[in-house]
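**Student:** The file below is upload-v3.cif, mmCIF, C-alpha atoms:
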```
data_protein
#
loop_
_atom_site.label_atom_id
_atom_site.label_comp_id
_atom_site.auth_asym_id
_atom_site.auth_seq_id
_atom_site.Cartn_x
_atom_site.Cartn_y
_atom_site.Cartn_z
CA MET M 98 145.75 172.90 114.20
CA ALA M 99 142.39 174.54 113.85
CA ILE M 100 139.74 175.20 111.23
CA ILE M 101 139.31 178.90 110.38
CA THR M 102 136.20 180.57 108.99
CA THR M 103 136.04 184.29 108.31
CA ARG M 104 133.31 186.91 108.30
CA PRO M 105 132.28 186.97 104.61
CA LYS M 106 133.16 190.49 103.51
CA THR M 107 133.42 189.22 99.91
CA PRO M 108 131.44 186.51 98.06
CA GLY M 109 134.56 184.32 97.87
CA GLN M 110 134.84 184.22 101.65
CA ARG M 111 131.30 183.00 102.22
CA PHE M 112 132.16 179.31 101.88
CA LEU M 113 135.91 179.56 102.55
CA VAL M 114 137.21 177.20 105.24
CA ARG M 115 140.94 177.14 105.93
CA ASN M 116 143.14 175.11 108.23
CA LYS M 117 145.63 176.98 110.38
CA ARG M 118 149.13 175.52 110.39
CA ASP M 119 151.84 176.22 112.94
CA LEU M 120 154.53 177.22 110.44
CA THR M 121 157.77 178.86 111.54
CA GLU M 122 159.27 179.88 108.19
CA LYS M 123 157.78 181.40 105.03
CA ARG M 124 160.77 181.29 102.67
CA PRO M 125 162.23 177.92 101.64
CA GLU M 126 165.90 176.96 101.90
CA LYS M 127 167.33 178.18 98.59
CA ASP M 128 169.83 175.33 98.14
CA LEU M 129 167.05 172.74 98.53
CA THR M 130 164.74 174.14 95.84
CA GLN M 131 164.67 173.92 92.06
CA SER M 132 162.44 175.14 89.25
CA ILE M 133 160.33 172.57 87.44
CA HIS M 134 158.75 172.60 84.01
CA ARG M 135 154.98 172.66 84.35
CA LYS M 136 153.61 170.46 81.60
CA LYS M 137 150.02 171.74 81.83
CA GLY M 138 148.73 168.33 80.75
CA ARG M 139 150.77 168.21 77.51
CA ASN M 140 153.04 165.42 76.31
CA SER M 141 156.32 165.81 74.41
CA TYR M 142 154.37 166.61 71.20
CA GLY M 143 152.41 169.43 72.84
CA ARG M 144 149.14 167.48 72.77
CA ILE M 145 146.83 167.47 75.79
CA THR M 146 146.92 164.02 77.40
CA SER M 147 145.66 165.04 80.86
CA ARG M 148 142.65 167.29 80.63
CA ARG M 149 141.74 170.23 82.86
CA ARG M 150 145.26 171.25 83.85
CA GLY M 151 146.98 174.57 83.31
CA GLY M 152 147.56 178.01 84.75
CA GLY M 153 148.09 178.31 88.45
CA HIS M 154 150.66 180.06 90.57
CA LYS M 155 154.39 179.59 90.03
CA ARG M 156 156.02 177.05 92.32
CA LEU M 157 159.51 176.08 93.37
CA TYR M 158 159.98 172.37 93.97
CA ARG M 159 161.33 171.44 97.40
CA ASN M 160 163.74 168.49 97.27
CA ILE M 161 162.40 166.09 99.90
CA ASP M 162 164.66 163.39 101.36
CA PHE M 163 162.51 160.30 100.92
CA ARG M 164 165.44 157.89 101.32
CA ARG M 165 166.58 158.98 104.81
CA ASP M 166 169.88 157.15 104.22
CA LYS M 167 172.15 159.48 106.24
CA LEU M 168 172.48 157.08 109.16
CA ASP M 169 173.27 157.56 112.85
CA ILE M 170 173.92 161.31 112.61
CA PRO M 171 171.54 163.35 114.81
CA ALA M 172 169.56 166.10 113.10
CA THR M 173 167.75 169.09 114.60
CA ILE M 174 164.47 170.53 113.33
CA GLN M 175 165.20 174.07 112.13
CA ALA M 176 161.78 175.06 110.72
CA LEU M 177 158.30 173.84 109.71
CA GLU M 178 157.37 175.10 106.24
CA TYR M 179 154.57 175.13 103.69
CA ASP M 180 155.10 173.14 100.51
CA PRO M 181 152.90 174.11 97.52
CA ASN M 182 153.62 170.75 95.85
CA ARG M 183 152.03 168.55 98.53
CA THR M 184 149.34 168.59 101.21
CA ALA M 185 151.65 167.80 104.14
CA THR M 186 153.85 170.24 106.04
CA ILE M 187 157.59 169.78 105.56
CA ALA M 188 160.38 170.10 108.14
CA LEU M 189 163.87 171.47 107.58
CA LEU M 190 166.57 169.29 109.18
CA GLN M 191 170.13 170.27 109.94
CA TYR M 192 172.47 167.35 110.65
CA ALA M 193 175.34 167.54 113.11
CA ASP M 194 177.82 167.79 110.21
CA GLY M 195 176.02 170.89 108.84
CA GLU M 196 174.09 169.29 105.95
CA LYS M 197 170.45 170.31 105.55
CA SER M 198 167.48 168.46 104.05
CA TYR M 199 163.69 168.47 103.95
CA ILE M 200 161.48 165.66 105.24
CA LEU M 201 157.73 165.17 105.61
CA ALA M 202 156.81 166.54 109.03
CA PRO M 203 154.93 164.02 111.22
CA ASP M 204 152.21 165.15 113.60
CA GLY M 205 153.60 166.40 116.90
CA LEU M 206 157.01 167.44 115.58
CA LYS M 207 158.32 170.78 116.93
CA VAL M 208 161.22 173.09 116.16
CA GLY M 209 164.25 172.07 118.20
CA ASP M 210 163.42 168.35 118.29
CA THR M 211 166.20 165.89 117.43
CA LEU M 212 165.67 163.12 114.87
CA LEU M 213 167.73 160.14 113.77
CA ASN M 214 167.95 157.80 110.80
CA THR M 215 169.17 154.42 112.00
CA SER M 216 169.39 150.74 111.08
CA THR M 217 169.39 149.48 114.68
CA THR M 218 166.55 149.03 117.17
CA PRO M 219 166.35 152.03 119.54
CA THR M 220 164.76 152.13 122.98
CA GLU M 221 162.35 154.97 122.10
CA PHE M 222 160.29 155.60 118.95
CA PRO M 223 159.51 159.34 118.70
CA PRO M 224 157.66 160.78 115.66
CA GLY M 225 160.04 161.33 112.76
CA LEU M 226 162.42 158.47 113.58
CA SER M 227 163.40 156.59 110.40
CA LEU M 228 164.35 152.91 110.54
CA LYS M 229 163.75 149.56 108.87
CA LEU M 230 160.40 147.80 109.20
CA ARG M 231 161.97 144.82 110.95
CA ASN M 232 163.11 147.15 113.78
CA ILE M 233 159.68 148.70 114.41
CA PRO M 234 157.32 147.27 117.09
CA PRO M 235 154.00 145.81 115.85
CA ALA M 236 150.87 148.03 115.87
CA THR M 237 152.98 151.18 115.32
CA PHE M 238 151.60 153.94 113.08
CA ILE M 239 154.09 154.73 110.31
CA HIS M 240 154.32 156.78 107.13
CA ALA M 241 156.74 157.46 104.23
CA ILE M 242 157.22 153.73 103.59
CA GLU M 243 159.42 152.22 100.89
CA LEU M 244 158.17 149.49 98.57
CA GLU M 245 161.71 148.49 97.58
CA PRO M 246 164.75 148.87 99.85
CA GLY M 247 166.70 152.02 99.03
CA LYS M 248 164.23 153.31 96.45
CA GLY M 249 162.70 155.97 98.69
CA ALA M 250 159.32 156.38 100.34
CA GLN M 251 156.28 155.73 98.13
CA ILE M 252 153.47 154.83 100.58
CA ALA M 253 151.54 157.09 103.01
CA ARG M 254 152.89 160.54 102.12
CA SER M 255 149.74 162.71 102.07
CA ALA M 256 148.42 164.92 104.87
CA GLY M 257 146.95 163.00 107.81
CA ILE M 258 147.76 159.59 106.30
CA PHE M 259 149.35 156.62 108.07
CA ALA M 260 149.79 152.88 107.72
CA GLN M 261 150.06 150.34 110.53
CA LEU M 262 152.68 147.64 110.96
CA LEU M 263 150.87 144.43 111.90
CA GLY M 264 153.94 142.22 112.28
CA VAL M 265 157.06 140.77 110.69
CA GLU M 266 157.32 137.23 109.30
CA GLY M 267 160.88 136.35 108.37
CA ASP M 268 162.05 138.76 105.70
CA ARG M 269 158.55 140.19 105.09
CA ALA M 270 156.54 142.72 107.06
CA ILE M 271 152.73 142.86 107.07
CA LEU M 272 151.28 146.34 106.60
CA LYS M 273 147.75 147.65 106.87
CA MET M 274 147.62 150.32 104.19
CA PRO M 275 145.66 153.60 104.44
CA SER M 276 143.05 152.04 102.11
CA GLY M 277 142.51 149.11 104.49
CA GLU M 278 144.42 146.68 102.28
CA GLN M 279 146.80 144.30 104.03
CA ARG M 280 149.94 143.31 102.13
CA TYR M 281 153.50 142.04 102.45
CA VAL M 282 156.45 144.42 102.13
CA ASN M 283 160.16 143.64 102.32
CA ALA M 284 161.23 143.99 105.97
CA GLU M 285 164.42 145.79 104.85
CA CYS M 286 162.35 148.75 103.60
CA ARG M 287 162.54 151.93 105.64
CA ALA M 288 159.61 153.78 107.23
CA THR M 289 159.10 156.78 109.49
CA ILE M 290 157.34 156.70 112.85
CA GLY M 291 154.15 158.74 113.25
CA ILE M 292 151.25 160.21 111.27
CA VAL M 293 151.77 162.74 108.48
CA SER M 294 151.04 166.30 109.62
CA ASN M 295 148.23 168.65 108.53
CA GLY M 296 145.44 166.16 109.18
CA GLU M 297 142.81 168.93 108.95
CA HIS M 298 143.53 169.33 105.24
CA GLN M 299 140.50 167.25 104.27
CA ASN M 300 138.16 169.63 106.13
CA ARG M 301 139.07 172.73 104.14
CA SER M 302 136.81 174.32 101.54
CA LEU M 303 138.26 176.43 98.72
CA GLY M 304 135.28 178.79 98.76
CA LYS M 305 135.46 179.95 95.15
CA ALA M 306 136.40 178.74 91.68
CA GLY M 307 139.39 181.08 91.55
CA ARG M 308 141.23 179.17 94.26
CA ASN M 309 141.06 176.08 92.06
CA ARG M 310 142.60 178.08 89.24
CA TRP M 311 145.45 179.15 91.54
CA LEU M 312 146.17 175.43 92.05
CA GLY M 313 146.38 174.84 88.30
CA ARG M 314 143.00 173.14 87.94
CA ARG M 315 140.83 174.22 85.02
CA PRO M 316 137.01 173.92 84.88
CA ARG M 317 135.34 170.56 84.37
CA VAL M 318 132.17 170.28 82.28
CA ARG M 319 129.83 167.32 82.86
CA GLY M 320 129.31 165.01 79.92
CA MET M 321 125.52 164.87 80.37
CA VAL M 322 125.17 168.59 79.61
CA MET M 323 127.05 168.25 76.30
CA ASN M 324 125.63 167.42 72.88
CA PRO M 325 125.70 163.85 71.55
CA VAL M 326 128.46 164.80 69.11
CA ASP M 327 130.72 165.81 72.00
CA HIS M 328 130.16 163.07 74.56
CA PRO M 329 128.51 159.60 74.80
CA ASN M 330 126.34 160.84 77.69
CA GLY M 331 125.25 164.03 75.95
CA GLY M 332 121.86 164.85 74.45
CA GLY M 333 118.31 164.17 75.57
CA GLN M 334 115.25 166.35 75.96
CA GLY M 335 115.75 168.41 79.09
CA LYS M 336 117.67 167.00 82.00
CA SER M 337 118.32 163.31 81.42
CA LYS M 338 120.75 160.83 82.78
CA GLY M 339 123.05 159.64 80.03
CA GLY M 340 122.04 160.89 76.60
CA GLY M 341 118.29 160.43 76.89
CA GLY M 342 118.65 156.81 77.96
CA ARG M 343 119.97 154.96 80.99
CA GLN M 344 123.52 154.13 79.92
CA HIS M 345 126.74 153.68 81.85
CA LEU M 346 128.97 156.64 82.58
CA LYS M 347 131.76 156.90 80.00
CA SER M 348 134.63 159.09 78.95
CA PRO M 349 134.39 161.09 75.70
CA TRP M 350 136.14 158.15 74.02
CA GLY M 351 133.76 155.51 75.34
CA GLN M 352 135.81 154.13 78.24
CA LEU M 353 133.53 153.00 81.08
CA SER M 354 134.17 154.99 84.26
CA LYS M 355 132.35 152.80 86.79
CA GLY M 356 131.46 149.22 87.43
CA PHE M 357 134.69 147.31 86.79
CA PRO M 358 138.05 146.92 88.56
CA THR M 359 140.92 148.93 87.15
CA ARG M 360 143.71 146.83 88.70
CA ALA M 361 145.18 144.27 86.28
CA LYS M 362 144.44 140.67 87.24
CA ALA M 363 147.89 139.56 86.11
CA LYS M 364 149.81 142.22 88.06
CA THR M 365 152.88 140.63 89.63
CA THR M 366 152.46 142.36 92.99
CA ASN M 367 149.02 140.79 93.49
CA ALA M 368 150.82 137.93 95.23
CA GLN M 369 151.84 140.32 98.02
CA ILE M 370 148.23 141.23 98.91
CA ILE M 371 146.66 139.40 101.86
CA VAL M 372 143.36 141.27 102.27
CA ARG M 373 142.01 143.64 99.64
CA ARG M 374 140.68 147.08 100.46
CA ASN M 375 137.11 145.76 100.23
CA GLY M 376 137.83 143.37 103.11
CA LYS M 377 137.96 140.18 101.03
CA LYS M 378 140.85 137.77 101.58
CA VAL M 379 142.91 136.87 98.55
CA LYS M 380 142.92 133.17 97.74
CA LYS M 381 146.32 131.57 97.22
CA GLY M 382 147.23 131.13 93.61
CA LYS M 383 145.24 134.22 92.50
#
```
Give the structure from the file, written as structure tokens.
**Tutor:**
Amino acid sequence: MAIITTRPKTPGQRFLVRNKRDLTEKRPEKDLTQSIHRKKGRNSYGRITSRRRGGGHKRLYRNIDFRRDKLDIPATIQALEYDPNRTATIALLQYADGEKSYILAPDGLKVGDTLLNTSTTPTEFPPGLSLKLRNIPPATFIHAIELEPGKGAQIARSAGIFAQLLGVEGDRAILKMPSGEQRYVNAECRATIGIVSNGEHQNRSLGKAGRNRWLGRRPRVRGMVMNPVDHPNGGGQGKSKGGGGRQHLKSPWGQLSKGFPTRAKAKTTNAQIIVRRNGKKVKKGK
């Protein structure tokens, strides 16, 4: 993949940076798509609970196979496609029995390649192979990892993301997460070999405000430019940080936005963490 800049014939192209993908199909497989209700930040009562969402282009949802539970039947890559609902490229599989499904395309996958979902230990580990953590060699880069066996992939699904298997101890595998955190995961959970495709996604630049609107993102106004009646950080004579005085950044309802951990201390899965993302080891019993 490559980064593309264009000669700015319009103001919106002046700062536009795109990433070129090697896609082979523009239209999705009709049987694997469905329409979804776009909530636009509203709850069931029609009240806005997530701000700055709405508008945007219409999308069809692509049904991605995150379980990969069709075992020991070879599948061939039919196409690499764009998915408007995620940053990664998706791949269309056709199994030997004729069934089709979408998966997250790992880096290096090409049309015509053959993939397999298995519960045994193979001799080769090509990108896209799906198997249990206990059957994967240590130090392997993996993505689309389950947190509970059979639930479907929840970890490392974004463009260019990967985790690393550090080892297996009994019925638990040790993973190094994309954040740097090290934690235990059930060794019966499935994962896919390789790094998620479209790694250049982070280098793109939208170029203009309108491209954000196409993605369904509405404008965001800083609290410090509001009036005191509208925001805790508003007010002050001229440009001032935090309402004329040096106060902590807050939401319009007074919730602090920086300076304290947001993870609950009593969360049950804390016991599975070995090293936190800040590099500190977790003491036993905490």
**Student:** Mind telling me what the PyMOL selection byres ((chain M and resi 152) around 8) catches here, as an mmCIF file with C-alpha atoms, in the frame of the given file?
**Tutor:**
```cif
data_model
loop_
_atom_site.group_PDB
_atom_site.id
_atom_site.type_symbol
_atom_site.label_atom_id
_atom_site.label_comp_id
_atom_site.auth_asym_id
_atom_site.auth_seq_id
_atom_site.Cartn_x
_atom_site.Cartn_y
_atom_site.Cartn_z
ATOM 1 C CA LYS M 137 150.020 171.740 81.830
ATOM 2 C CA ARG M 150 145.260 171.250 83.850
ATOM 3 C CA GLY M 151 146.980 174.570 83.310
ATOM 4 C CA GLY M 153 148.090 178.310 88.450
ATOM 5 C CA HIS M 154 150.660 180.060 90.570
ATOM 6 C CA ARG M 310 142.600 178.080 89.240
ATOM 7 C CA TRP M 311 145.450 179.150 91.540
ATOM 8 C CA LEU M 312 146.170 175.430 92.050
ATOM 9 C CA GLY M 313 146.380 174.840 88.300
ATOM 10 C CA ARG M 314 143.000 173.140 87.940
ATOM 11 C CA ARG M 315 140.830 174.220 85.020
#
```
**Student:** What does the distance between CA of Gln369 in chain M and CA of Val293 in chain M come to in Å, to one decimal place?
**Tutor:** 24.7 Å
**Student:** Place a sphere of radius 10 Å on (130.4, 159.1, 90.4) in the file coordinates and name every protein, DNA or RNA residue with an atom inside or on its surface, counting only C-alpha atoms; give the answer as a list in words.
**Tutor:** Leu346, Ser354 and Lys355 of chain M
**Student:** Identify, on the basis of all atoms listed in the file, every residue whose closest approach to range 297-300 of chain M does not exceed 10 Å; exclude the query and any residue fewer than 3 positions from it along the same chain; express the result as a list in words.
**Tutor:**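 Listed by chain and then number, they are Met98, Ala99, Ile100, Val114, Arg115, Asn116, Lys117, Arg118, Thr184, Ala185, Ser255, Ala256, Gly257 and Ser294 of chain M.
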**Student:** Report the distance between CA of Arg164 in chain M and CA of Pro224 in chain M in Å, rounded to one decimal place.
**Tutor:**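 It comes out at 16.6 Å.
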**Student:** Just so the selection is clear, what residues does the PyMOL selection byres ((chain M and resi 165) around 9) cover here, as a list in words?
**Tutor:**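 So the PyMOL selection byres ((chain M and resi 165) around 9), applied here, picks out Asp162, Phe163, Arg164, Asp166, Lys167, Leu168, Ile200, Asn214, Thr215, Ser227, Leu228, Gly249, Ala250 and Arg287 of chain M.
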**Student:** Carefully work through the PyMOL selection byres ((chain M and resi 288) around 8) for this structure and note down the residues it includes, as a PyMOL selection string.
**Tutor:** chain M and resi 227-230+239-243+250+286-287+289-290
**Student:** Find the spatial neighbours of Met274 in chain M, counting only C-alpha atoms, within a cut-off of 8 Å - ignore same-chain residues fewer than 5 positions away - and output them as a PyMOL selection string.
**Tutor:** chain M and resi 253+259-261+279-280
**Student:** Need the neighbours of (152.9, 148.0, 113.9): which residues are at most 8 Å away, counting all atoms listed in the file, as a list in words?
**Tutor:**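 Applying the cut-off with all atoms listed in the file, one gets Ile233, Pro234, Pro235, Ala236, Thr237, Phe238, Ile239, Gln261, Leu262, Leu263, Gly264 and Leu272 of chain M.
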**Student:** Selection from above, C-alpha atoms, as a PDB file, in the frame of the given file, can you write it?
**Tutor:**
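Generated file (result_32.pdb):
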```pdb
ATOM      1  CA  ILE M 233     159.680 148.700 114.410  1.00  0.00           C
ATOM      2  CA  PRO M 234     157.320 147.270 117.090  1.00  0.00           C
ATOM      3  CA  PRO M 235     154.000 145.810 115.850  1.00  0.00           C
ATOM      4  CA  ALA M 236     150.870 148.030 115.870  1.00  0.00           C
ATOM      5  CA  THR M 237     152.980 151.180 115.320  1.00  0.00           C
ATOM      6  CA  PHE M 238     151.600 153.940 113.080  1.00  0.00           C
ATOM      7  CA  ILE M 239     154.090 154.730 110.310  1.00  0.00           C
ATOM      8  CA  GLN M 261     150.060 150.340 110.530  1.00  0.00           C
ATOM      9  CA  LEU M 262     152.680 147.640 110.960  1.00  0.00           C
ATOM     10  CA  LEU M 263     150.870 144.430 111.900  1.00  0.00           C
ATOM     11  CA  GLY M 264     153.940 142.220 112.280  1.00  0.00           C
ATOM     12  CA  LEU M 272     151.280 146.340 106.600  1.00  0.00           C
TER      13      LEU M 272
END
```
**Student:** Using only C-alpha atoms, pick whichever of M:Gly225, M:Gly143, M:Pro171, M:Gly267 has the shortest atom-to-atom distance to Tyr281 in chain M.
**Tutor:**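 Ranking M:Gly225, M:Gly143, M:Pro171, M:Gly267 by distance to Tyr281 in chain M, first place goes to M:Gly267.
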**Student:** Work out how far CA of Gln110 in chain M is from CA of Val318 in chain M, in Å to one decimal.
**Tutor:**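 Between CA of Val318 in chain M and CA of Gln110 in chain M the gap is 24.0 Å.
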**Student:** Quick one: 6 Å padding each side, axis-aligned, all listed atoms of range 141-145 of chain M - centre and edge lengths in Å to one decimal, as JSON?
**Tutor:**
```
{"center_x": 151.6, "center_y": 167.6, "center_z": 73.5, "size_x": 21.5, "size_y": 15.6, "size_z": 16.6}
```
**Student:** Residues at most 12 Å from Phe112 in chain M, counting all atoms listed in the file, excluding those fewer than 4 positions away in the same chain, as an mmCIF file with C-alpha atoms, in the coordinates of the input?
**Tutor:**
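Below is the file result-v9.cif, written as the result:
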```
data_model
loop_
_atom_site.group_PDB
_atom_site.id
_atom_site.type_symbol
_atom_site.label_atom_id
_atom_site.label_comp_id
_atom_site.auth_asym_id
_atom_site.auth_seq_id
_atom_site.Cartn_x
_atom_site.Cartn_y
_atom_site.Cartn_z
ATOM 1 C CA ILE M 101 139.310 178.900 110.380
ATOM 2 C CA THR M 102 136.200 180.570 108.990
ATOM 3 C CA THR M 103 136.040 184.290 108.310
ATOM 4 C CA ARG M 104 133.310 186.910 108.300
ATOM 5 C CA PRO M 105 132.280 186.970 104.610
ATOM 6 C CA LYS M 106 133.160 190.490 103.510
ATOM 7 C CA THR M 107 133.420 189.220 99.910
ATOM 8 C CA PRO M 108 131.440 186.510 98.060
ATOM 9 C CA ARG M 301 139.070 172.730 104.140
ATOM 10 C CA SER M 302 136.810 174.320 101.540
ATOM 11 C CA LEU M 303 138.260 176.430 98.720
ATOM 12 C CA GLY M 304 135.280 178.790 98.760
ATOM 13 C CA LYS M 305 135.460 179.950 95.150
ATOM 14 C CA ALA M 306 136.400 178.740 91.680
ATOM 15 C CA ARG M 308 141.230 179.170 94.260
#
```
**Student:** Please list as a ChimeraX atom specification every residue within 6 Å of Gly331 in chain M, counting all atoms listed in the file and excluding residues in the same chain fewer than 3 positions away.
**Tutor:** /M:320-325,328,340
**Student:** Considering all atoms listed in the file, state which residue in the set M:Arg319, M:Gln352, M:Val326, M:Lys273 is at the smallest distance from Arg374 in chain M.
**Tutor:** M:Lys273
**Student:** Which of these, M:Thr130, M:Val379, M:Thr186, M:Ile370, has the shortest distance to Gly205 in chain M once you count all atoms listed in the file?
**Tutor:** M:Thr186
**Student:** Check the smallest atom-to-atom distance from each of M:Leu206, M:Leu226, M:Ala193, M:Ile161 to Leu129 in chain M using only C-alpha atoms, then report the winner.
**Tutor:**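 When distances to Leu129 in chain M are compared using only C-alpha atoms, the smallest one comes from M:Ile161.
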